[in-house]
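data_6.cif (mmCIF, C-alpha atoms) appears below.
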data_query
loop_
_atom_site.label_atom_id
_atom_site.label_comp_id
_atom_site.auth_asym_id
_atom_site.auth_seq_id
_atom_site.Cartn_x
_atom_site.Cartn_y
_atom_site.Cartn_z
CA MET P 1 -8.45 -18.54 17.61
CA ARG P 2 -7.49 -21.87 16.16
CA LYS P 3 -4.19 -22.57 14.50
CA ILE P 4 -4.04 -23.57 10.86
CA PRO P 5 -3.89 -27.38 10.91
CA HIS P 6 -0.94 -29.24 9.44
CA SER P 7 -3.35 -31.25 7.32
CA SER P 8 -4.21 -28.10 5.40
CA ILE P 9 -0.75 -28.00 3.82
CA ARG P 10 -0.89 -29.12 0.25
CA GLU P 11 1.00 -28.56 -2.96
CA SER P 12 -0.25 -28.29 -6.53
CA GLU P 13 0.45 -26.23 -9.61
CA SER P 14 1.96 -22.78 -9.23
CA VAL P 15 -0.45 -19.88 -9.04
CA ASP P 16 -0.21 -16.22 -9.95
CA LEU P 17 -0.03 -14.20 -6.76
CA MET P 18 -2.40 -11.36 -7.70
CA GLY P 19 -0.73 -10.84 -11.05
CA GLY P 20 2.75 -10.49 -9.70
CA ILE P 21 4.58 -13.26 -7.85
CA PHE P 22 4.47 -16.91 -8.82
CA LEU P 23 4.92 -19.66 -6.27
CA PRO P 24 3.75 -23.23 -5.68
CA ALA P 25 0.28 -23.35 -4.18
CA VAL P 26 1.08 -24.14 -0.56
CA VAL P 27 -1.32 -23.33 2.25
CA PHE P 28 0.69 -21.67 4.95
CA ALA P 29 2.60 -23.91 7.32
CA PRO P 30 2.99 -23.06 10.99
CA ALA P 31 6.42 -21.85 11.99
CA ASN P 32 7.63 -25.19 13.33
CA ARG P 33 6.77 -26.95 10.06
CA TYR P 34 7.95 -24.21 7.74
CA LYS P 35 10.27 -25.24 4.91
CA LYS P 36 11.82 -22.57 2.82
CA GLU P 37 12.11 -24.69 -0.29
CA THR P 38 8.33 -25.19 -0.60
CA LEU P 39 7.82 -21.63 -1.74
CA GLY P 40 10.42 -21.57 -4.47
CA ARG P 41 12.32 -18.53 -5.61
CA SER P 42 10.46 -17.49 -8.77
CA VAL P 43 9.66 -13.87 -7.95
CA ARG P 44 8.58 -11.77 -10.89
CA SER P 45 8.16 -7.99 -10.61
CA ARG P 46 4.76 -7.17 -11.98
CA ASP P 47 2.33 -4.78 -10.46
CA LEU P 48 1.16 -5.80 -6.99
CA THR P 49 -0.17 -2.51 -5.78
CA ALA P 50 -1.67 0.64 -7.07
CA SER P 51 1.13 2.37 -5.26
CA GLY P 52 3.55 1.10 -7.74
CA SER P 53 6.11 -1.56 -8.24
CA ASN P 54 8.49 -1.52 -11.14
CA GLN P 55 6.76 -2.50 -14.31
CA SER P 56 8.05 -2.27 -17.84
CA SER P 57 6.10 -1.43 -20.98
CA MET P 58 6.51 -4.98 -22.18
CA ASN P 59 4.81 -6.36 -19.05
CA GLU P 60 1.99 -3.82 -19.30
CA PHE P 61 1.03 -4.89 -22.80
CA ALA P 62 1.81 -8.61 -22.40
CA LYS P 63 -1.14 -10.72 -23.58
CA VAL P 64 -3.28 -7.59 -23.85
CA GLY P 65 -5.40 -9.32 -26.49
CA GLU P 66 -6.28 -12.14 -24.11
CA ARG P 67 -6.95 -9.67 -21.31
CA MET P 68 -9.05 -7.29 -23.41
CA PRO P 69 -12.45 -8.90 -22.59
CA GLY P 70 -11.63 -8.63 -18.88
CA ILE P 71 -10.49 -5.01 -19.33
CA LEU P 72 -13.70 -4.07 -21.12
CA LYS P 73 -15.80 -5.78 -18.45
CA ALA P 74 -13.93 -3.90 -15.72
CA LEU P 75 -14.53 -0.57 -17.46
CA ALA P 76 -18.18 -1.43 -18.15
CA LEU P 77 -18.68 -2.19 -14.45
CA GLY P 78 -16.31 0.33 -12.88
CA ILE P 79 -17.63 3.47 -14.58
CA PRO P 80 -21.29 2.95 -13.54
CA ALA P 81 -20.12 1.96 -10.05
CA GLY P 82 -18.15 5.19 -9.77
CA TYR P 83 -21.14 7.20 -10.98
CA LEU P 84 -23.41 5.43 -8.46
CA PHE P 85 -21.08 6.13 -5.54
CA HIS P 86 -20.75 9.73 -6.75
CA HIS P 87 -24.55 10.04 -6.84
CA LEU P 88 -24.67 8.66 -3.28
CA HIS P 89 -22.17 11.36 -2.19
CA THR P 90 -19.67 8.88 -0.80
CA PRO P 91 -16.06 10.03 -0.29
CA ILE P 92 -13.63 9.30 -3.15
CA PRO P 93 -16.47 7.71 -5.18
CA TRP P 94 -14.54 7.08 -8.38
CA MET P 95 -11.94 4.96 -6.58
CA ILE P 96 -14.01 3.15 -3.95
CA GLY P 97 -16.96 2.36 -6.24
CA PRO P 98 -14.97 0.65 -9.02
CA MET P 99 -12.72 -1.10 -6.50
CA VAL P 100 -15.63 -2.65 -4.59
CA ALA P 101 -17.57 -3.60 -7.74
CA VAL P 102 -14.65 -5.14 -9.65
CA ALA P 103 -13.30 -6.96 -6.57
CA ALA P 104 -16.73 -8.42 -5.78
CA LEU P 105 -17.31 -9.80 -9.26
CA ASN P 106 -13.73 -11.04 -9.48
CA LEU P 107 -14.25 -13.04 -6.30
CA PHE P 108 -17.45 -14.45 -7.79
CA GLY P 109 -15.44 -15.74 -10.74
CA VAL P 110 -16.00 -13.00 -13.35
CA GLN P 111 -12.40 -12.37 -14.36
CA MET P 112 -11.55 -8.70 -14.86
CA HIS P 113 -8.34 -6.81 -15.52
CA SER P 114 -7.22 -3.22 -15.22
CA PRO P 115 -6.25 -1.41 -18.44
CA PRO P 116 -2.58 -1.20 -19.45
CA TYR P 117 -0.82 1.65 -17.67
CA ALA P 118 -3.84 2.27 -15.44
CA ARG P 119 -1.67 2.79 -12.36
CA GLN P 120 0.80 4.97 -14.23
CA MET P 121 -1.88 7.19 -15.78
CA GLY P 122 -3.53 7.72 -12.41
CA GLN P 123 -0.23 8.47 -10.68
CA VAL P 124 1.06 11.02 -13.19
CA ILE P 125 -2.24 12.95 -13.02
CA LEU P 126 -2.24 12.86 -9.22
CA GLY P 127 1.43 13.86 -9.00
CA SER P 128 0.85 16.82 -11.32
CA ALA P 129 -2.10 18.01 -9.22
CA VAL P 130 -0.28 17.60 -5.90
CA SER P 131 2.86 19.44 -7.06
CA LEU P 132 0.86 22.68 -7.24
CA TYR P 133 0.58 22.75 -3.42
CA PHE P 134 4.32 23.10 -2.82
CA THR P 135 4.81 26.84 -2.61
CA PRO P 136 7.75 28.33 -0.66
CA THR P 137 5.46 29.03 2.31
CA VAL P 138 4.19 25.44 2.37
CA VAL P 139 7.70 24.00 2.08
CA ARG P 140 8.86 26.05 5.08
CA ALA P 141 5.87 24.81 7.06
CA LEU P 142 6.76 21.21 6.19
CA ALA P 143 10.29 21.66 7.51
CA ALA P 144 8.85 22.81 10.83
CA ASN P 145 6.93 19.53 11.11
CA LEU P 146 9.97 17.27 10.67
CA PRO P 147 9.89 16.01 14.32
CA ALA P 148 6.27 14.92 13.87
CA ILE P 149 7.15 13.17 10.60
CA VAL P 150 9.99 11.25 12.24
CA ALA P 151 7.80 10.30 15.23
CA ALA P 152 5.08 9.01 12.90
CA THR P 153 7.60 6.84 11.06
CA VAL P 154 8.84 5.35 14.33
CA ALA P 155 5.22 4.64 15.26
CA VAL P 156 4.81 2.71 11.99
CA PHE P 157 7.46 0.17 13.02
CA ILE P 158 6.09 -0.15 16.57
CA VAL P 159 2.58 -0.81 15.27
CA ALA P 160 3.91 -3.21 12.62
CA GLY P 161 5.87 -5.16 15.24
CA LEU P 162 2.81 -5.56 17.45
CA GLY P 163 0.69 -6.50 14.44
CA ALA P 164 3.22 -9.12 13.36
CA LEU P 165 3.27 -10.64 16.86
CA ILE P 166 -0.53 -10.88 16.98
CA LEU P 167 -0.75 -12.30 13.46
CA SER P 168 1.90 -14.93 14.17
CA ARG P 169 0.31 -16.01 17.45
CA ALA P 170 -3.20 -16.16 15.95
CA SER P 171 -2.43 -17.87 12.64
CA GLY P 172 0.62 -19.98 13.39
CA VAL P 173 2.50 -18.46 10.46
CA ASP P 174 6.18 -17.88 11.22
CA GLY P 175 7.19 -14.53 12.69
CA LYS P 176 9.43 -13.40 9.85
CA SER P 177 6.55 -13.77 7.36
CA THR P 178 4.11 -11.87 9.56
CA PHE P 179 6.69 -9.12 10.11
CA PHE P 180 7.00 -8.38 6.39
CA ALA P 181 3.22 -8.78 6.06
CA SER P 182 2.64 -6.10 8.70
CA VAL P 183 5.09 -3.37 7.63
CA PRO P 184 3.23 -0.96 5.29
CA GLY P 185 6.02 -0.60 2.75
CA GLY P 186 4.33 -1.81 -0.43
CA ALA P 187 3.48 -5.40 -1.33
CA MET P 188 6.17 -5.84 -3.95
CA ALA P 189 9.01 -4.41 -1.87
CA MET P 190 8.00 -6.42 1.21
CA ALA P 191 7.52 -9.61 -0.83
CA VAL P 192 11.03 -9.29 -2.26
CA LEU P 193 12.47 -8.81 1.25
CA ALA P 194 10.41 -11.72 2.55
CA ASP P 195 11.81 -13.94 -0.18
CA ARG P 196 15.35 -12.75 0.54
CA TYR P 197 15.09 -13.67 4.23
CA GLY P 198 13.40 -17.02 3.67
CA ALA P 199 9.89 -15.96 4.70
CA GLN P 200 6.67 -17.09 3.06
CA ILE P 201 5.66 -14.73 0.25
CA ALA P 202 1.95 -15.53 0.03
CA PRO P 203 0.89 -14.23 3.47
CA VAL P 204 2.77 -11.01 2.73
CA ALA P 205 0.81 -10.43 -0.47
CA VAL P 206 -2.56 -11.36 1.06
CA ALA P 207 -2.07 -9.15 4.11
CA HIS P 208 -0.93 -6.12 2.11
CA SER P 209 -3.77 -6.44 -0.39
CA LEU P 210 -6.46 -6.68 2.28
CA ARG P 211 -4.98 -3.93 4.45
CA VAL P 212 -4.81 -1.37 1.62
CA SER P 213 -8.41 -2.12 0.65
CA VAL P 214 -9.63 -1.84 4.25
CA VAL P 215 -7.82 1.48 4.69
CA VAL P 216 -9.08 2.91 1.39
CA ILE P 217 -12.68 2.10 2.30
CA LEU P 218 -12.78 2.89 6.03
CA ILE P 219 -10.59 5.98 6.44
CA PRO P 220 -12.48 8.29 4.01
CA PHE P 221 -15.86 7.19 5.41
CA ALA P 222 -14.66 7.58 9.00
CA LEU P 223 -13.33 11.07 8.36
CA THR P 224 -16.41 12.15 6.42
CA TYR P 225 -19.13 10.73 8.65
CA GLY P 226 -17.33 10.01 11.94
CA GLY P 227 -17.61 13.46 13.45
CA PHE P 228 -13.93 14.30 13.07
CA PRO P 229 -13.24 18.03 12.67
CA LEU P 230 -12.15 18.42 9.05
CA GLU P 231 -9.91 21.45 8.77
CA ALA P 232 -9.39 22.32 5.13
CA SER P 233 -5.87 22.96 3.95
CA ALA P 234 -4.73 26.49 4.70
CA TYR P 235 -3.52 26.72 1.11
CA ARG P 236 -5.30 25.50 -1.99
CA PRO P 237 -3.64 26.10 -5.35
CA SER P 238 -5.40 28.71 -7.45
CA VAL P 239 -3.87 28.60 -10.91
CA PRO P 240 -5.62 28.78 -14.28
CA LEU P 241 -6.33 25.73 -16.40
CA ASP P 242 -4.21 25.77 -19.55
CA TYR P 243 -4.41 22.59 -21.65
CA SER P 244 -1.59 23.82 -23.91
CA LEU P 245 0.66 23.71 -20.83
CA LEU P 246 -0.94 20.75 -19.06
CA ALA P 247 -0.70 18.29 -21.98
CA PRO P 248 3.08 18.55 -22.49
CA TRP P 249 3.65 18.56 -18.71
CA LEU P 250 1.73 15.29 -18.34
CA ALA P 251 3.77 13.84 -21.22
CA VAL P 252 6.99 14.91 -19.49
CA GLY P 253 5.71 13.34 -16.27
CA CYS P 254 5.10 10.04 -18.08
CA VAL P 255 8.64 10.05 -19.51
CA LEU P 256 10.19 10.88 -16.14
CA GLY P 257 8.08 8.21 -14.45
CA GLU P 258 8.99 5.51 -16.96
CA VAL P 259 12.70 6.29 -16.81
CA SER P 260 12.70 6.34 -13.00
CA GLU P 261 10.87 3.02 -12.71
CA ARG P 262 13.24 1.40 -15.19
CA PHE P 263 15.93 2.32 -12.68
CA ARG P 264 13.84 0.58 -9.97
CA PHE P 265 12.56 3.79 -8.38
CA ASN P 266 9.18 2.80 -6.94
CA ASN P 267 6.21 5.13 -7.44
CA GLY P 268 8.16 7.01 -10.10
CA TYR P 269 5.06 8.08 -12.02
CA LEU P 270 3.74 9.73 -8.86
CA LEU P 271 6.92 11.09 -7.30
CA MET P 272 8.70 12.47 -10.39
CA PRO P 273 5.85 14.88 -11.27
CA ILE P 274 5.66 15.88 -7.59
CA PHE P 275 9.41 16.51 -7.26
CA PHE P 276 9.91 18.36 -10.55
CA GLY P 277 6.55 20.14 -10.38
CA ALA P 278 7.22 21.26 -6.81
CA ALA P 279 10.66 22.54 -7.84
CA LEU P 280 9.08 24.59 -10.63
CA THR P 281 6.33 25.86 -8.32
CA VAL P 282 8.81 26.89 -5.61
CA SER P 283 10.96 28.68 -8.21
CA GLY P 284 7.94 30.75 -9.31
CA PHE P 285 7.04 28.99 -12.56
CA GLN P 286 3.27 28.65 -12.90
CA LEU P 287 2.03 25.24 -14.05
CA SER P 288 -1.50 24.52 -15.21
CA ALA P 289 -4.29 23.43 -12.92
CA VAL P 290 -5.54 19.85 -13.26
CA PRO P 291 -9.27 19.68 -14.02
CA ARG P 292 -11.58 17.74 -11.76
CA TRP P 293 -12.51 15.20 -14.44
CA MET P 294 -8.84 14.19 -14.65
CA THR P 295 -8.52 13.60 -10.91
CA GLU P 296 -11.72 11.54 -11.05
CA PHE P 297 -10.21 9.57 -13.94
CA ALA P 298 -7.15 8.96 -11.75
CA GLN P 299 -9.45 7.67 -9.00
CA LEU P 300 -11.08 5.33 -11.52
CA MET P 301 -7.72 3.91 -12.59
CA PHE P 302 -6.66 3.27 -8.98
CA GLY P 303 -10.01 1.63 -8.25
CA LEU P 304 -9.71 -0.72 -11.24
CA VAL P 305 -6.15 -1.70 -10.30
CA LEU P 306 -7.10 -2.41 -6.68
CA GLY P 307 -10.23 -4.35 -7.63
CA ALA P 308 -8.48 -6.44 -10.28
CA ARG P 309 -6.07 -7.82 -7.69
CA TYR P 310 -8.83 -9.90 -6.06
CA GLU P 311 -8.50 -13.06 -8.10
CA ARG P 312 -10.87 -15.77 -6.98
CA ALA P 313 -8.47 -18.70 -7.43
CA PHE P 314 -5.78 -17.12 -5.28
CA PHE P 315 -8.02 -16.04 -2.41
CA ALA P 316 -9.91 -19.35 -2.46
CA ARG P 317 -6.63 -21.22 -2.18
CA TYR P 318 -5.51 -19.18 0.82
CA LYS P 319 -8.90 -18.72 2.46
CA LEU P 320 -7.67 -20.14 5.78
CA PHE P 321 -5.35 -17.17 6.19
CA ILE P 322 -7.80 -14.41 5.18
CA PRO P 323 -9.54 -14.06 8.61
CA PHE P 324 -6.15 -13.68 10.30
CA ALA P 325 -5.02 -11.15 7.68
CA LEU P 326 -8.20 -9.15 8.25
CA LEU P 327 -7.59 -9.25 12.02
CA ASN P 328 -4.09 -7.96 11.36
CA SER P 329 -5.41 -5.21 9.05
CA PHE P 330 -7.98 -3.95 11.56
CA PHE P 331 -5.49 -4.02 14.44
CA ILE P 332 -2.85 -2.07 12.48
CA LEU P 333 -5.49 0.41 11.27
CA VAL P 334 -6.88 1.05 14.77
CA ALA P 335 -3.40 1.29 16.28
CA SER P 336 -2.30 3.69 13.52
CA VAL P 337 -5.35 5.90 14.09
CA ALA P 338 -4.58 5.94 17.82
CA ALA P 339 -0.96 6.86 17.08
CA GLY P 340 -2.16 9.61 14.74
CA ALA P 341 -4.48 11.02 17.39
CA LEU P 342 -1.67 10.97 19.98
CA LEU P 343 0.74 12.73 17.61
CA ALA P 344 -1.94 15.28 16.71
CA TRP P 345 -2.34 16.11 20.41
CA PHE P 346 1.40 16.18 21.14
CA PHE P 347 2.42 18.28 18.11
CA ASP P 348 -0.77 20.36 17.98
CA LEU P 349 -1.74 19.26 14.46
CA PRO P 350 -5.25 18.64 13.02
CA ILE P 351 -6.42 15.17 13.96
CA ALA P 352 -7.89 14.40 10.52
CA THR P 353 -4.57 15.26 8.89
CA MET P 354 -2.66 13.00 11.27
CA ILE P 355 -5.08 10.10 10.80
CA ILE P 356 -4.49 10.17 7.04
CA ALA P 357 -0.76 10.77 7.56
CA THR P 358 -0.36 7.69 9.80
CA SER P 359 -2.83 5.39 7.99
CA PRO P 360 -1.15 2.20 6.75
CA GLY P 361 -2.25 2.63 3.14
CA GLY P 362 -0.22 3.19 0.01
CA LEU P 363 1.35 6.52 -0.85
CA ALA P 364 -0.90 7.06 -3.88
CA GLU P 365 -4.11 6.02 -2.09
CA MET P 366 -3.51 8.26 0.91
CA THR P 367 -2.42 11.16 -1.31
CA ILE P 368 -5.59 11.00 -3.37
CA THR P 369 -7.63 10.70 -0.14
CA ALA P 370 -6.10 13.92 1.18
CA GLN P 371 -6.49 15.60 -2.20
CA ALA P 372 -10.15 14.61 -2.51
CA LEU P 373 -10.97 15.76 1.04
CA GLN P 374 -8.69 18.84 0.72
CA ILE P 375 -6.91 18.05 3.98
CA SER P 376 -3.30 19.29 4.25
CA VAL P 377 -2.16 17.59 1.06
CA PRO P 378 1.53 18.58 1.23
CA LEU P 379 1.82 17.47 4.86
CA VAL P 380 0.19 14.11 4.12
CA VAL P 381 2.51 13.60 1.14
CA ALA P 382 5.54 14.50 3.28
CA PHE P 383 4.55 12.03 6.03
CA HIS P 384 3.94 9.14 3.64
CA LEU P 385 6.93 9.90 1.43
CA PHE P 386 9.28 9.92 4.43
CA ARG P 387 7.67 6.71 5.70
CA VAL P 388 7.98 4.96 2.33
CA VAL P 389 11.67 5.88 2.01
CA VAL P 390 12.55 4.81 5.56
CA VAL P 391 10.44 1.64 5.46
CA ASN P 392 11.76 0.45 2.09
CA ILE P 393 15.39 1.22 3.00
CA GLY P 394 15.36 0.41 6.70
CA THR P 395 13.01 -2.57 7.08
CA GLN P 396 15.68 -5.14 6.23
CA TYR P 397 18.08 -3.67 8.83
CA ILE P 398 15.40 -3.44 11.49
CA TYR P 399 14.41 -7.06 10.80
CA SER P 400 18.04 -8.22 10.98
CA PHE P 401 18.58 -6.34 14.23
CA GLY P 402 15.39 -7.74 15.77
CA ALA P 403 16.18 -11.27 14.61
CA ALA P 404 19.67 -11.02 16.13
CA LEU P 405 18.20 -9.96 19.47
CA LEU P 406 15.69 -12.81 19.43
CA ASP P 407 18.37 -15.32 18.45
CA ARG P 408 20.44 -14.39 21.50
CA ARG P 409 17.62 -15.08 23.96
CA PRO P 410 17.05 -18.77 23.12
CA SER P 411 20.80 -19.42 23.17
CA ARG P 412 21.10 -18.12 26.75
CA VAL P 413 18.15 -20.17 27.87
CA LYS P 414 19.71 -23.19 26.24
CA LYS P 415 23.00 -22.68 28.15
CA GLN P 416 21.15 -22.41 31.44
CA ALA P 417 19.27 -25.60 30.65
CA ARG P 418 22.58 -27.40 30.35
CA GLY P 419 23.52 -26.64 33.99
CA PRO P 420 23.36 -29.01 36.98
CA THR P 421 19.60 -29.55 36.63
CA SER P 422 19.62 -30.01 32.88
CA THR P 423 19.38 -33.80 33.16
CA THR P 424 15.67 -33.45 33.75
CA GLN P 425 13.75 -34.49 30.64
CA LEU P 426 11.51 -31.59 29.57
#

Entire entry expressed as structure tokens:
Amino acid sequence: MRKIPHSSIRESESVDLMGGIFLPAVVFAPANRYKKETLGRSVRSRDLTASGSNQSSMNEFAKVGERMPGILKALALGIPAGYLFHHLHTPIPWMIGPMVAVAALNLFGVQMHSPPYARQMGQVILGSAVSLYFTPTVVRALAANLPAIVAATVAVFIVAGLGALILSRASGVDGKSTFFASVPGGAMAMAVLADRYGAQIAPVAVAHSLRVSVVVILIPFALTYGGFPLEASAYRPSVPLDYSLLAPWLAVGCVLGEVSERFRFNNGYLLMPIFFGAALTVSGFQLSAVPRWMTEFAQLMFGLVLGARYERAFFARYKLFIPFALLNSFFILVASVAAGALLAWFFDLPIATMIIATSPGGLAEMTITAQALQISVPLVVAFHLFRVVVVNIGTQYIYSFGAALLDRRPSRVKKQARGPTSTTQL
């Protein structure tokens, strides 16, 4: 594969990195020509992923009047697309259909936006539905699978390291940028770390966006039509639907989610309803069931958010990197599936469960995939939650440790080169 030529490096006005990070429009420089100052330091925390970065109410409703035509177009396209995919009996139709339709038209230049609080509404509904699975019996079963959860998290970093090496060698982008682009820890969190360590932010955002979309599309189809044995969850919540209880609980979930995200707790709208709902469920308090139309509405919101990220101007500007990012996405996906299959064999767990549990998608996307397919929802949540916590907290330390090891190797080589034969011009 050819390297990105130096002549492709150009600067112009700053561009909005998928509605979240602003930086000068620079096509990626190879590692030996990389200059930290070309990317600037103007990082702004708006929503990069459906899985949730911190986002205040002010940002959600900023310029909503200007965005309203794009929001209405997204809804007018996304709802029929979801219905079409549902009619075709595709997996997770109300997320995949709107995502594909909105992303396609966005890339063709029809600008669309997701509604305000789309991510948050979808997450609080999903979190409320998932919390019903956490009975005392299920929680004890999760504790027994802790070794498998830890092993899967270790596999994430191994796969990410290999993916970063391949992406760097193929594209010519510096290794630190491809490392943060390959670790599935959320686009916003990884972009902030990339900026902190002097890496290029744009390849991180492109790689994360493409990888989540590839995973969301391929994993459900592969599990549904690929001949994998789908073992339904041993426990499915059977509680009555009570709107008089569900409505205030969703309102409480929204408040808890907003407060948590204002304190920079990522995925707060998803995790707070899960944590508090699970605590109530374990203690014996019966919450209301979540009706199917609400979970389908949550799918729709996720689909609109994912599709709206595909802005034509941004992807056209960085089109040279897209093939390499796709290569990276497919490699990480295949390697993660292989790791999931190996862990399923070693720990005697259902292979479909482990494929979803080790897939390099977002916490919300993989949770709703497991919930829609009714495959070991609590176990999938536990795997991805543990991974998200470790990845977001530990990635910077793992990078620093790896960089220190790599920095020692060139220095030793350099000392040897200065020996008796070092007068030879290399």

Using only C-alpha atoms, the shortest atom-to-atom distance to P:Arg211 among P:Ala364, P:Val183, P:Leu126, P:Val150 belongs to P:Val183

Residue nearest P:Gln396 among P:Leu342, P:Met121, P:Leu320, P:Ala194 (counting all atoms listed in the file):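 Selected residue with least distance to P:Gln396: P:Ala194.
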
Point-to-point distance from atom CA of P:Val255 to atom CA of P:Phe275, Å rounded to tenths: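 Value for the atom CA of P:Val255-atom CA of P:Phe275 distance: 13.9 Å.
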
Evaluate the PyMOL selection byres ((chain P and resi 182) around 10) and record the selected residues as number ranges by chain, following the chain and residue labels used in the document. P: 156-157, 159-165, 167, 177-181, 183-185, 190, 203-204, 207-208, 211, 325, 328-329, 332, 360

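Distance check against P:His86 using all atoms listed in the file: of P:Leu300, P:Leu132, P:Leu241, P:Ala338, the minimum falls on P:Leu300.
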
Do you know which residues are at most 8 Å from P:Ala372 counting all atoms listed in the file, after dropping those on the same chain fewer than 2 positions away, and could you put them as a VMD selection string? chain P and resid 91 to 92 368 to 370 374

Counting all atoms listed in the file, figure out which residue out of P:Ala313, P:Ala141, P:Val305, P:Val259 gets nearest to P:Ser376.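 The shortest atom-to-atom distance to P:Ser376 comes from P:Ala141.
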
I would like the residues chosen by the PyMOL selection byres ((chain P and resi 216) around 8) on the shown file; could you give them as a PyMOL selection string? chain P and resi 96+212-215+217-220+361+365-366

Written as a PyMOL selection string, what is the full residue list that the PyMOL selection byres ((chain P and resi 102-118) around 9) yields on the file shown? chain P and resi 50+57+60-61+64+67-75+77-78+81+97-101+119-123+298+300-313+315-316

For each of P:Tyr225, P:Ile158, P:Gly394, P:Phe285, take the minimum atom-to-atom distance to P:His89, counting all atoms listed in the file, then give the residue where this is smallest.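 Of the candidates, the smallest distance to P:His89 is held by P:Tyr225.
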
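Between atom CA of P:Leu250 and atom CA of P:Ile149 the interatomic distance comes to 29.5 Å.
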
Pick the closest to P:Gln371 from P:Ala278, P:Ala404, P:Gln299, P:Leu84: which is it, counting all atoms listed in the file? P:Gln299

Residues within 12 Å of P:Leu343, please, as an mmCIF file with C-alpha atoms, keeping the file's coordinate frame. Count only C-alpha atoms; anything in the same chain fewer than 5 positions from it doesn't count.
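Heads up, here's the output in around16.cif:
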data_model
loop_
_atom_site.group_PDB
_atom_site.id
_atom_site.type_symbol
_atom_site.label_atom_id
_atom_site.label_comp_id
_atom_site.auth_asym_id
_atom_site.auth_seq_id
_atom_site.Cartn_x
_atom_site.Cartn_y
_atom_site.Cartn_z
ATOM 1 C CA ASN P 145 6.930 19.530 11.110
ATOM 2 C CA PRO P 147 9.890 16.010 14.320
ATOM 3 C CA ALA P 148 6.270 14.920 13.870
ATOM 4 C CA ILE P 149 7.150 13.170 10.600
ATOM 5 C CA VAL P 150 9.990 11.250 12.240
ATOM 6 C CA ALA P 151 7.800 10.300 15.230
ATOM 7 C CA ALA P 152 5.080 9.010 12.900
ATOM 8 C CA THR P 153 7.600 6.840 11.060
ATOM 9 C CA VAL P 154 8.840 5.350 14.330
ATOM 10 C CA ALA P 155 5.220 4.640 15.260
ATOM 11 C CA SER P 336 -2.300 3.690 13.520
ATOM 12 C CA VAL P 337 -5.350 5.900 14.090
ATOM 13 C CA ALA P 338 -4.580 5.940 17.820
ATOM 14 C CA ASP P 348 -0.770 20.360 17.980
ATOM 15 C CA LEU P 349 -1.740 19.260 14.460
ATOM 16 C CA PRO P 350 -5.250 18.640 13.020
ATOM 17 C CA ILE P 351 -6.420 15.170 13.960
ATOM 18 C CA ALA P 352 -7.890 14.400 10.520
ATOM 19 C CA THR P 353 -4.570 15.260 8.890
ATOM 20 C CA MET P 354 -2.660 13.000 11.270
ATOM 21 C CA ILE P 355 -5.080 10.100 10.800
ATOM 22 C CA ALA P 357 -0.760 10.770 7.560
ATOM 23 C CA THR P 358 -0.360 7.690 9.800
#

Would you give the centre and edge lengths, in Å to one decimal, of a box along x, y and z around the listed atoms of stretch 142-147 of chain P, with 8 Å added to each side, as JSON?
{"center_x": 8.5, "center_y": 19.4, "center_z": 10.3, "size_x": 19.5, "size_y": 22.8, "size_z": 24.1}

Interatomic distance between atom CA of P:Pro136 and atom CA of P:Val282?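 According to the coordinates, atom CA of P:Pro136 and atom CA of P:Val282 are separated by 5.3 Å.
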
Would you mind listing what lies within 12 Å of P:Ala144 as a PyMOL selection string, with all atoms listed in the file counted and same-chain residues fewer than 6 positions away left out? chain P and resi 137-138+150+347+349+379+382
